[in-house]
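**Q** Structure: final25.cif, mmCIF, C-alpha atoms.
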data_structure
loop_
_atom_site.label_atom_id
_atom_site.label_comp_id
_atom_site.auth_asym_id
_atom_site.auth_seq_id
_atom_site.Cartn_x
_atom_site.Cartn_y
_atom_site.Cartn_z
CA MET A 29 -48.86 -12.34 -19.46
CA ASN A 30 -46.88 -12.28 -22.69
CA LYS A 31 -43.85 -10.44 -21.30
CA LEU A 32 -43.21 -8.53 -24.52
CA ASN A 33 -40.99 -5.63 -23.51
CA GLY A 34 -39.45 -2.36 -24.61
CA SER A 35 -41.30 0.00 -26.90
CA ILE A 36 -44.15 -1.06 -29.12
CA PRO A 37 -42.52 -1.94 -32.45
CA GLU A 38 -43.06 0.78 -35.06
CA SER A 39 -43.80 -1.96 -37.61
CA LEU A 40 -47.09 -2.51 -35.77
CA PHE A 41 -48.32 0.83 -37.08
CA THR A 42 -47.23 0.23 -40.68
CA ASN A 43 -48.30 -3.42 -40.94
CA LEU A 44 -51.78 -3.10 -39.48
CA LEU A 45 -54.34 -1.84 -41.96
CA ASN A 46 -57.15 0.02 -40.22
CA PRO A 47 -57.58 -2.17 -37.14
CA GLU A 48 -60.67 -1.62 -35.04
CA HIS A 49 -59.40 -3.41 -31.93
CA LEU A 50 -55.91 -3.30 -30.44
CA ASN A 51 -55.19 -5.19 -27.23
CA LEU A 52 -51.61 -5.11 -25.90
CA THR A 53 -52.44 -5.85 -22.26
CA GLN A 54 -50.27 -7.65 -19.73
CA ASN A 55 -46.89 -7.07 -21.28
CA LEU A 56 -43.86 -5.10 -20.21
CA PHE A 57 -44.08 -2.34 -22.81
CA GLN A 58 -42.64 0.90 -21.46
CA GLY A 59 -41.80 4.48 -22.23
CA GLU A 60 -43.79 6.93 -24.27
CA LEU A 61 -46.64 6.19 -26.63
CA SER A 62 -45.57 6.48 -30.25
CA PRO A 63 -47.02 9.35 -32.29
CA ASN A 64 -47.75 6.64 -34.87
CA PHE A 65 -50.75 5.60 -32.78
CA TYR A 66 -52.47 8.48 -34.54
CA SER A 67 -52.38 6.48 -37.78
CA LEU A 68 -54.83 3.98 -36.24
CA ARG A 69 -57.83 6.26 -36.68
CA LYS A 70 -60.44 3.52 -37.07
CA LEU A 71 -59.82 2.07 -33.63
CA LYS A 72 -62.93 1.31 -31.61
CA GLU A 73 -61.08 -0.39 -28.76
CA LEU A 74 -57.62 0.44 -27.41
CA ARG A 75 -56.34 -1.62 -24.49
CA LEU A 76 -52.87 -1.02 -23.07
CA GLU A 77 -53.58 -2.27 -19.54
CA THR A 78 -50.93 -3.62 -17.19
CA ASN A 79 -47.78 -2.41 -18.91
CA LYS A 80 -45.17 0.17 -17.90
CA PHE A 81 -46.02 3.16 -20.08
CA SER A 82 -44.83 6.38 -18.47
CA SER A 83 -45.81 9.20 -20.77
CA PRO A 84 -48.71 11.58 -20.83
CA ILE A 85 -51.90 10.22 -22.37
CA PHE A 86 -52.67 11.24 -25.98
CA ASN A 87 -53.48 14.92 -26.34
CA ASP A 88 -55.48 14.47 -29.52
CA PHE A 89 -58.28 12.02 -28.80
CA ASP A 90 -60.29 13.77 -31.50
CA LEU A 91 -58.13 11.88 -34.01
CA PHE A 92 -59.80 8.64 -32.82
CA PRO A 93 -63.47 9.46 -33.49
CA ASN A 94 -64.62 5.82 -33.30
CA LEU A 95 -63.14 4.93 -29.90
CA GLU A 96 -65.62 3.19 -27.63
CA VAL A 97 -63.25 1.48 -25.20
CA ILE A 98 -60.07 2.86 -23.61
CA GLY A 99 -58.28 0.63 -21.12
CA PHE A 100 -55.05 2.18 -19.85
CA PHE A 101 -55.09 0.95 -16.24
CA GLU A 102 -52.05 -0.20 -14.23
CA ASN A 103 -49.39 1.77 -16.06
CA SER A 104 -47.53 4.92 -15.09
CA PHE A 105 -49.30 7.39 -17.35
CA GLU A 106 -48.74 10.87 -15.96
CA GLY A 107 -50.12 14.35 -16.22
CA THR A 108 -53.67 15.11 -17.22
CA ILE A 109 -56.66 13.55 -18.86
CA PRO A 110 -56.73 15.72 -21.99
CA SER A 111 -59.80 17.83 -22.62
CA SER A 112 -59.99 16.31 -26.12
CA ILE A 113 -61.52 13.25 -24.40
CA GLY A 114 -64.81 15.12 -24.79
CA GLN A 115 -64.60 14.60 -28.56
CA LEU A 116 -65.20 10.86 -28.13
CA GLN A 117 -68.94 10.76 -28.63
CA ASN A 118 -69.02 6.93 -28.77
CA LEU A 119 -66.95 6.32 -25.63
CA ARG A 120 -68.61 3.72 -23.38
CA TYR A 121 -65.69 2.41 -21.28
CA LEU A 122 -62.84 4.43 -19.77
CA ASP A 123 -60.46 2.75 -17.33
CA LEU A 124 -57.49 4.85 -16.21
CA HIS A 125 -57.14 3.50 -12.67
CA SER A 126 -53.72 2.97 -11.06
CA ASN A 127 -51.64 5.46 -13.01
CA GLN A 128 -49.93 8.71 -12.02
CA LEU A 129 -52.48 11.19 -13.32
CA ASN A 130 -52.31 14.28 -11.15
CA SER A 131 -54.49 17.16 -12.24
CA SER A 132 -58.17 17.91 -12.22
CA ILE A 133 -60.63 15.72 -14.03
CA PRO A 134 -61.60 17.68 -17.16
CA TYR A 135 -65.07 19.13 -17.53
CA GLU A 136 -65.17 17.69 -21.07
CA LEU A 137 -65.33 14.13 -19.72
CA GLY A 138 -68.95 14.88 -18.85
CA VAL A 139 -69.71 15.39 -22.54
CA CYS A 140 -69.13 11.65 -23.18
CA SER A 141 -72.71 10.82 -22.31
CA ASP A 142 -72.59 7.17 -23.45
CA ILE A 143 -70.07 6.12 -20.76
CA THR A 144 -71.27 3.15 -18.71
CA PHE A 145 -67.92 2.26 -17.08
CA LEU A 146 -65.59 4.89 -15.58
CA ALA A 147 -62.59 3.96 -13.39
CA LEU A 148 -60.22 6.69 -12.22
CA ALA A 149 -59.12 5.29 -8.83
CA GLY A 150 -55.48 5.12 -7.83
CA ASN A 151 -54.43 8.48 -9.26
CA SER A 152 -53.79 11.83 -7.58
CA PHE A 153 -56.51 14.03 -8.96
CA THR A 154 -56.91 17.51 -7.53
CA ASP A 155 -59.92 19.75 -7.10
CA GLU A 156 -63.54 18.66 -7.09
CA LEU A 157 -65.24 16.43 -9.56
CA PRO A 158 -66.62 18.56 -12.37
CA LYS A 159 -70.37 19.03 -12.24
CA SER A 160 -70.50 17.97 -15.89
CA LEU A 161 -70.10 14.36 -14.71
CA SER A 162 -73.75 14.51 -13.73
CA ASN A 163 -74.43 14.17 -17.47
CA LEU A 164 -73.11 10.59 -17.34
CA THR A 165 -76.48 9.09 -16.52
CA LEU A 166 -75.76 5.69 -18.10
CA ILE A 167 -72.94 4.80 -15.67
CA THR A 168 -73.32 1.37 -14.12
CA ASN A 169 -69.71 1.06 -12.85
CA LEU A 170 -67.86 3.96 -11.26
CA GLY A 171 -64.55 3.82 -9.43
CA ILE A 172 -63.07 7.05 -8.11
CA SER A 173 -60.58 7.60 -5.36
CA SER A 174 -58.30 10.44 -4.45
CA LYS A 175 -58.51 13.54 -2.34
CA ILE A 176 -61.42 15.00 -4.23
CA THR A 177 -64.89 15.99 -3.19
CA PHE A 178 -67.72 13.93 -4.59
CA LEU A 179 -70.28 16.45 -5.80
CA VAL A 180 -72.44 14.48 -8.17
CA ASN A 181 -75.44 12.31 -7.32
CA TYR A 182 -75.11 9.09 -9.33
CA GLN A 183 -77.78 6.48 -9.67
CA SER A 184 -75.75 3.40 -10.29
CA SER A 185 -76.05 -0.34 -9.84
CA TYR A 186 -72.39 -0.46 -8.73
CA LEU A 187 -70.59 2.44 -7.13
CA THR A 188 -67.12 2.65 -5.66
CA VAL A 189 -66.06 5.96 -4.15
CA THR A 190 -63.20 6.33 -1.71
CA GLY A 191 -61.33 9.30 -0.37
CA THR A 192 -62.88 12.58 0.67
CA VAL A 193 -66.58 12.20 0.10
#
Please render this file's structure as C-alpha coordinates.
**A**
Amino acid sequence: MNKLNGSIPESLFTNLLNPEHLNLTQNLFQGELSPNFYSLRKLKELRLETNKFSSPIFNDFDLFPNLEVIGFFENSFEGTIPSSIGQLQNLRYLDLHSNQLNSSIPYELGVCSDITFLALAGNSFTDELPKSLSNLTLITNLGISSKITFLVNYQSSYLTVTGTV
(Lines of atoms letter the chains of each structure in order from A and count residues from 1; the text may use other names and numbers.)
(Lines give C-alpha, C1' and ligand atoms only; values in the text may rest on other atoms or scores of the structure.)
Protein backbone atom coordinates (compact mmCIF):
# COMPACT_ATOMS: atom_id res chain seq x y z
CA MET A 1 0.00 0.00 0.00
CA ASN A 2 1.33 3.41 -0.99
CA LYS A 3 -1.03 5.44 1.19
CA LEU A 4 -1.31 8.28 -1.30
CA ASN A 5 -4.43 10.18 -0.28
CA GLY A 6 -6.90 12.86 -1.26
CA SER A 7 -7.93 13.36 -4.85
CA ILE A 8 -5.90 12.14 -7.78
CA PRO A 9 -3.66 15.09 -8.72
CA GLU A 10 -4.90 16.88 -11.84
CA SER A 11 -1.29 17.05 -13.04
CA LEU A 12 -1.52 13.31 -13.66
CA PHE A 13 -3.87 13.97 -16.55
CA THR A 14 -1.76 16.73 -18.11
CA ASN A 15 1.65 15.10 -17.63
CA LEU A 16 0.82 11.64 -18.94
CA LEU A 17 0.89 11.41 -22.71
CA ASN A 18 -1.46 8.71 -23.97
CA PRO A 19 -0.87 6.04 -21.33
CA GLU A 20 -2.21 2.57 -22.04
CA HIS A 21 -2.04 1.31 -18.45
CA LEU A 22 -2.92 3.19 -15.27
CA ASN A 23 -2.70 1.41 -11.93
CA LEU A 24 -3.48 3.45 -8.79
CA THR A 25 -4.43 0.52 -6.55
CA GLN A 26 -4.02 0.28 -2.79
CA ASN A 27 -3.95 3.94 -1.93
CA LEU A 28 -6.29 6.20 -0.02
CA PHE A 29 -7.58 8.24 -2.95
CA GLN A 30 -11.12 9.42 -2.31
CA GLY A 31 -14.00 11.45 -3.62
CA GLU A 32 -15.22 11.72 -7.16
CA LEU A 33 -13.40 10.67 -10.31
CA SER A 34 -12.07 13.65 -12.22
CA PRO A 35 -13.67 14.45 -15.57
CA ASN A 36 -10.08 14.66 -16.81
CA PHE A 37 -9.99 10.86 -16.89
CA TYR A 38 -11.72 11.28 -20.24
CA SER A 39 -8.47 12.70 -21.66
CA LEU A 40 -6.86 9.26 -21.23
CA ARG A 41 -8.60 7.78 -24.26
CA LYS A 42 -5.89 5.27 -25.17
CA LEU A 43 -6.16 3.39 -21.89
CA LYS A 44 -6.29 -0.38 -22.19
CA GLU A 45 -6.11 -1.03 -18.45
CA LEU A 46 -7.56 1.10 -15.65
CA ARG A 47 -7.09 -0.13 -12.09
CA LEU A 48 -8.36 1.90 -9.15
CA GLU A 49 -8.81 -0.99 -6.72
CA THR A 50 -8.74 -0.64 -2.95
CA ASN A 51 -9.15 3.11 -2.58
CA LYS A 52 -11.99 5.23 -1.20
CA PHE A 53 -13.65 6.60 -4.32
CA SER A 54 -17.30 7.44 -3.65
CA SER A 55 -18.75 8.73 -6.88
CA PRO A 56 -20.75 7.13 -9.61
CA ILE A 57 -18.75 5.19 -12.18
CA PHE A 58 -18.02 6.93 -15.51
CA ASN A 59 -21.11 7.47 -17.62
CA ASP A 60 -19.22 7.63 -20.89
CA PHE A 61 -17.27 4.40 -21.26
CA ASP A 62 -17.56 4.85 -25.01
CA LEU A 63 -14.81 7.48 -24.68
CA PHE A 64 -12.40 4.65 -23.73
CA PRO A 65 -12.71 2.40 -26.80
CA ASN A 66 -9.51 0.45 -26.06
CA LEU A 67 -10.28 -0.58 -22.48
CA GLU A 68 -9.67 -4.27 -21.85
CA VAL A 69 -9.30 -4.27 -18.06
CA ILE A 70 -11.35 -2.35 -15.48
CA GLY A 71 -10.53 -2.97 -11.83
CA PHE A 72 -12.60 -0.80 -9.49
CA PHE A 73 -13.12 -3.22 -6.60
CA GLU A 74 -13.09 -2.31 -2.88
CA ASN A 75 -14.11 1.32 -3.18
CA SER A 76 -17.42 3.02 -2.50
CA PHE A 77 -18.55 3.59 -6.07
CA GLU A 78 -22.30 4.13 -6.04
CA GLY A 79 -25.25 4.12 -8.36
CA THR A 80 -25.37 2.14 -11.56
CA ILE A 81 -23.15 0.35 -14.00
CA PRO A 82 -23.67 2.66 -16.98
CA SER A 83 -25.18 1.19 -20.12
CA SER A 84 -22.24 2.65 -22.07
CA ILE A 85 -20.23 -0.32 -20.74
CA GLY A 86 -21.63 -2.16 -23.77
CA GLN A 87 -19.48 0.03 -26.02
CA LEU A 88 -16.31 -1.65 -24.73
CA GLN A 89 -15.87 -4.29 -27.40
CA ASN A 90 -12.39 -5.27 -26.14
CA LEU A 91 -13.32 -5.63 -22.46
CA ARG A 92 -11.96 -8.89 -21.01
CA TYR A 93 -11.82 -8.17 -17.26
CA LEU A 94 -14.39 -6.30 -15.16
CA ASP A 95 -14.07 -6.29 -11.38
CA LEU A 96 -16.53 -4.08 -9.52
CA HIS A 97 -16.93 -6.20 -6.38
CA SER A 98 -17.29 -4.61 -2.92
CA ASN A 99 -18.70 -1.22 -3.86
CA GLN A 100 -22.10 0.38 -3.30
CA LEU A 101 -23.65 -0.20 -6.70
CA ASN A 102 -27.39 -0.52 -6.24
CA SER A 103 -29.40 -0.82 -9.41
CA SER A 104 -29.97 -3.50 -12.00
CA ILE A 105 -27.12 -4.94 -13.99
CA PRO A 106 -27.43 -3.38 -17.45
CA TYR A 107 -28.46 -5.48 -20.42
CA GLU A 108 -25.58 -3.91 -22.38
CA LEU A 109 -23.00 -5.73 -20.26
CA GLY A 110 -23.94 -8.85 -22.22
CA VAL A 111 -22.72 -7.18 -25.42
CA CYS A 112 -19.11 -7.34 -24.12
CA SER A 113 -18.65 -10.83 -25.47
CA ASP A 114 -14.88 -11.04 -24.83
CA ILE A 115 -15.22 -10.90 -21.02
CA THR A 116 -13.45 -13.79 -19.28
CA PHE A 117 -13.50 -12.35 -15.73
CA LEU A 118 -16.60 -10.72 -14.20
CA ALA A 119 -16.84 -9.89 -10.48
CA LEU A 120 -19.88 -8.02 -9.18
CA ALA A 121 -20.19 -9.48 -5.65
CA GLY A 122 -20.60 -7.26 -2.61
CA ASN A 123 -22.99 -4.75 -4.16
CA SER A 124 -26.76 -4.35 -3.83
CA PHE A 125 -28.02 -5.09 -7.29
CA THR A 126 -31.76 -5.32 -7.85
CA ASP A 127 -33.85 -7.32 -10.27
CA GLU A 128 -32.77 -10.42 -12.14
CA LEU A 129 -29.61 -10.90 -14.09
CA PRO A 130 -30.21 -9.80 -17.65
CA LYS A 131 -30.56 -12.66 -20.10
CA SER A 132 -27.98 -10.95 -22.30
CA LEU A 133 -25.30 -12.25 -19.92
CA SER A 134 -25.76 -15.61 -21.60
CA ASN A 135 -23.75 -14.08 -24.47
CA LEU A 136 -20.66 -14.06 -22.23
CA THR A 137 -19.58 -17.54 -23.24
CA LEU A 138 -15.85 -16.96 -22.62
CA ILE A 139 -16.24 -16.39 -18.86
CA THR A 140 -13.86 -18.47 -16.78
CA ASN A 141 -14.27 -16.49 -13.53
CA LEU A 142 -17.63 -15.21 -12.34
CA GLY A 143 -18.43 -13.73 -8.95
CA ILE A 144 -21.96 -12.49 -8.29
CA SER A 145 -23.77 -12.00 -5.04
CA SER A 146 -26.78 -10.01 -4.02
CA LYS A 147 -30.49 -10.57 -3.84
CA ILE A 148 -30.85 -11.37 -7.50
CA THR A 149 -32.09 -14.40 -9.34
CA PHE A 150 -29.53 -16.33 -11.33
CA LEU A 151 -31.16 -16.96 -14.69
CA VAL A 152 -28.26 -17.79 -16.95
CA ASN A 153 -26.61 -21.17 -17.47
CA TYR A 154 -22.85 -20.60 -17.46
CA GLN A 155 -20.27 -23.16 -18.42
CA SER A 156 -17.31 -22.03 -16.43
CA SER A 157 -14.17 -23.50 -14.95
CA TYR A 158 -14.67 -21.32 -11.83
CA LEU A 159 -18.04 -20.09 -10.66
CA THR A 160 -19.00 -18.19 -7.55
CA VAL A 161 -22.66 -17.37 -7.06
CA THR A 162 -24.18 -16.45 -3.73
CA GLY A 163 -27.50 -15.00 -2.71
CA THR A 164 -30.84 -15.95 -4.18
CA VAL A 165 -30.13 -18.59 -6.77
**Q** Find, counting all atoms listed in the file, the residue in A:Ala149, A:Leu124, A:Leu68, A:Met29 that gets nearest to Asn43 of chain A.
**A** A:Leu68
**Q** Starting from the displayed file, determine the output of the PyMOL selection byres ((chain A and resi 89-98) around 7) and express the residue list as a VMD selection string.
**A** chain A and resid 66 69 to 75 86 to 88 99 to 100 112 to 113 115 to 116 118 to 123
**Q** Counting all atoms listed in the file, note down every residue that has an atom within 6 Å of the point (-64.0, 8.6, -8.0) (file coordinates), as a PyMOL selection string.
**A** chain A and resi 148-149+171-173+189
**Q** Would you put the residues from that selection into a file with C-alpha atoms, as a PDB file, in the coordinates of the input?
**A**
ATOM      1  CA  LEU A 148     -60.220   6.690 -12.220  1.00  0.00           C
ATOM      2  CA  ALA A 149     -59.120   5.290  -8.830  1.00  0.00           C
ATOM      3  CA  GLY A 171     -64.550   3.820  -9.430  1.00  0.00           C
ATOM      4  CA  ILE A 172     -63.070   7.050  -8.110  1.00  0.00           C
ATOM      5  CA  SER A 173     -60.580   7.600  -5.360  1.00  0.00           C
ATOM      6  CA  VAL A 189     -66.060   5.960  -4.150  1.00  0.00           C
TER       7      VAL A 189
END
**Q** Using only C-alpha atoms, can you tell me which of A:Gly138, A:Gly114, A:Gly59, A:Gly107 comes closest to Asn163 of chain A?
**A**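 When distances to Asn163 of chain A are compared using only C-alpha atoms, the smallest one comes from A:Gly138.
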**Q** Quick one: residues within 6 Å of Glu106 of chain A, only C-alpha atoms, excluding same-chain residues fewer than 6 positions away - as a list in words?
**A** Ser83, Pro84, Gln128 and Leu129 of chain A
**Q** Please give the centre and size of the box around segment 66-83 of chain A (axis-aligned, containing every atom listed in the file, 5 Å added per side), with values in Å to one decimal and written as JSON.
**A**
{"center_x": -53.9, "center_y": 2.8, "center_z": -27.5, "size_x": 28.1, "size_y": 22.8, "size_z": 30.6}
**Q** Which residue is closest to Ile85 of chain A? Choose from A:Asn46, A:Ser152, A:Asn64, A:Thr108 and count all atoms listed in the file.
**A**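 Looking at the shortest contact to Ile85 of chain A, the residue is A:Thr108.
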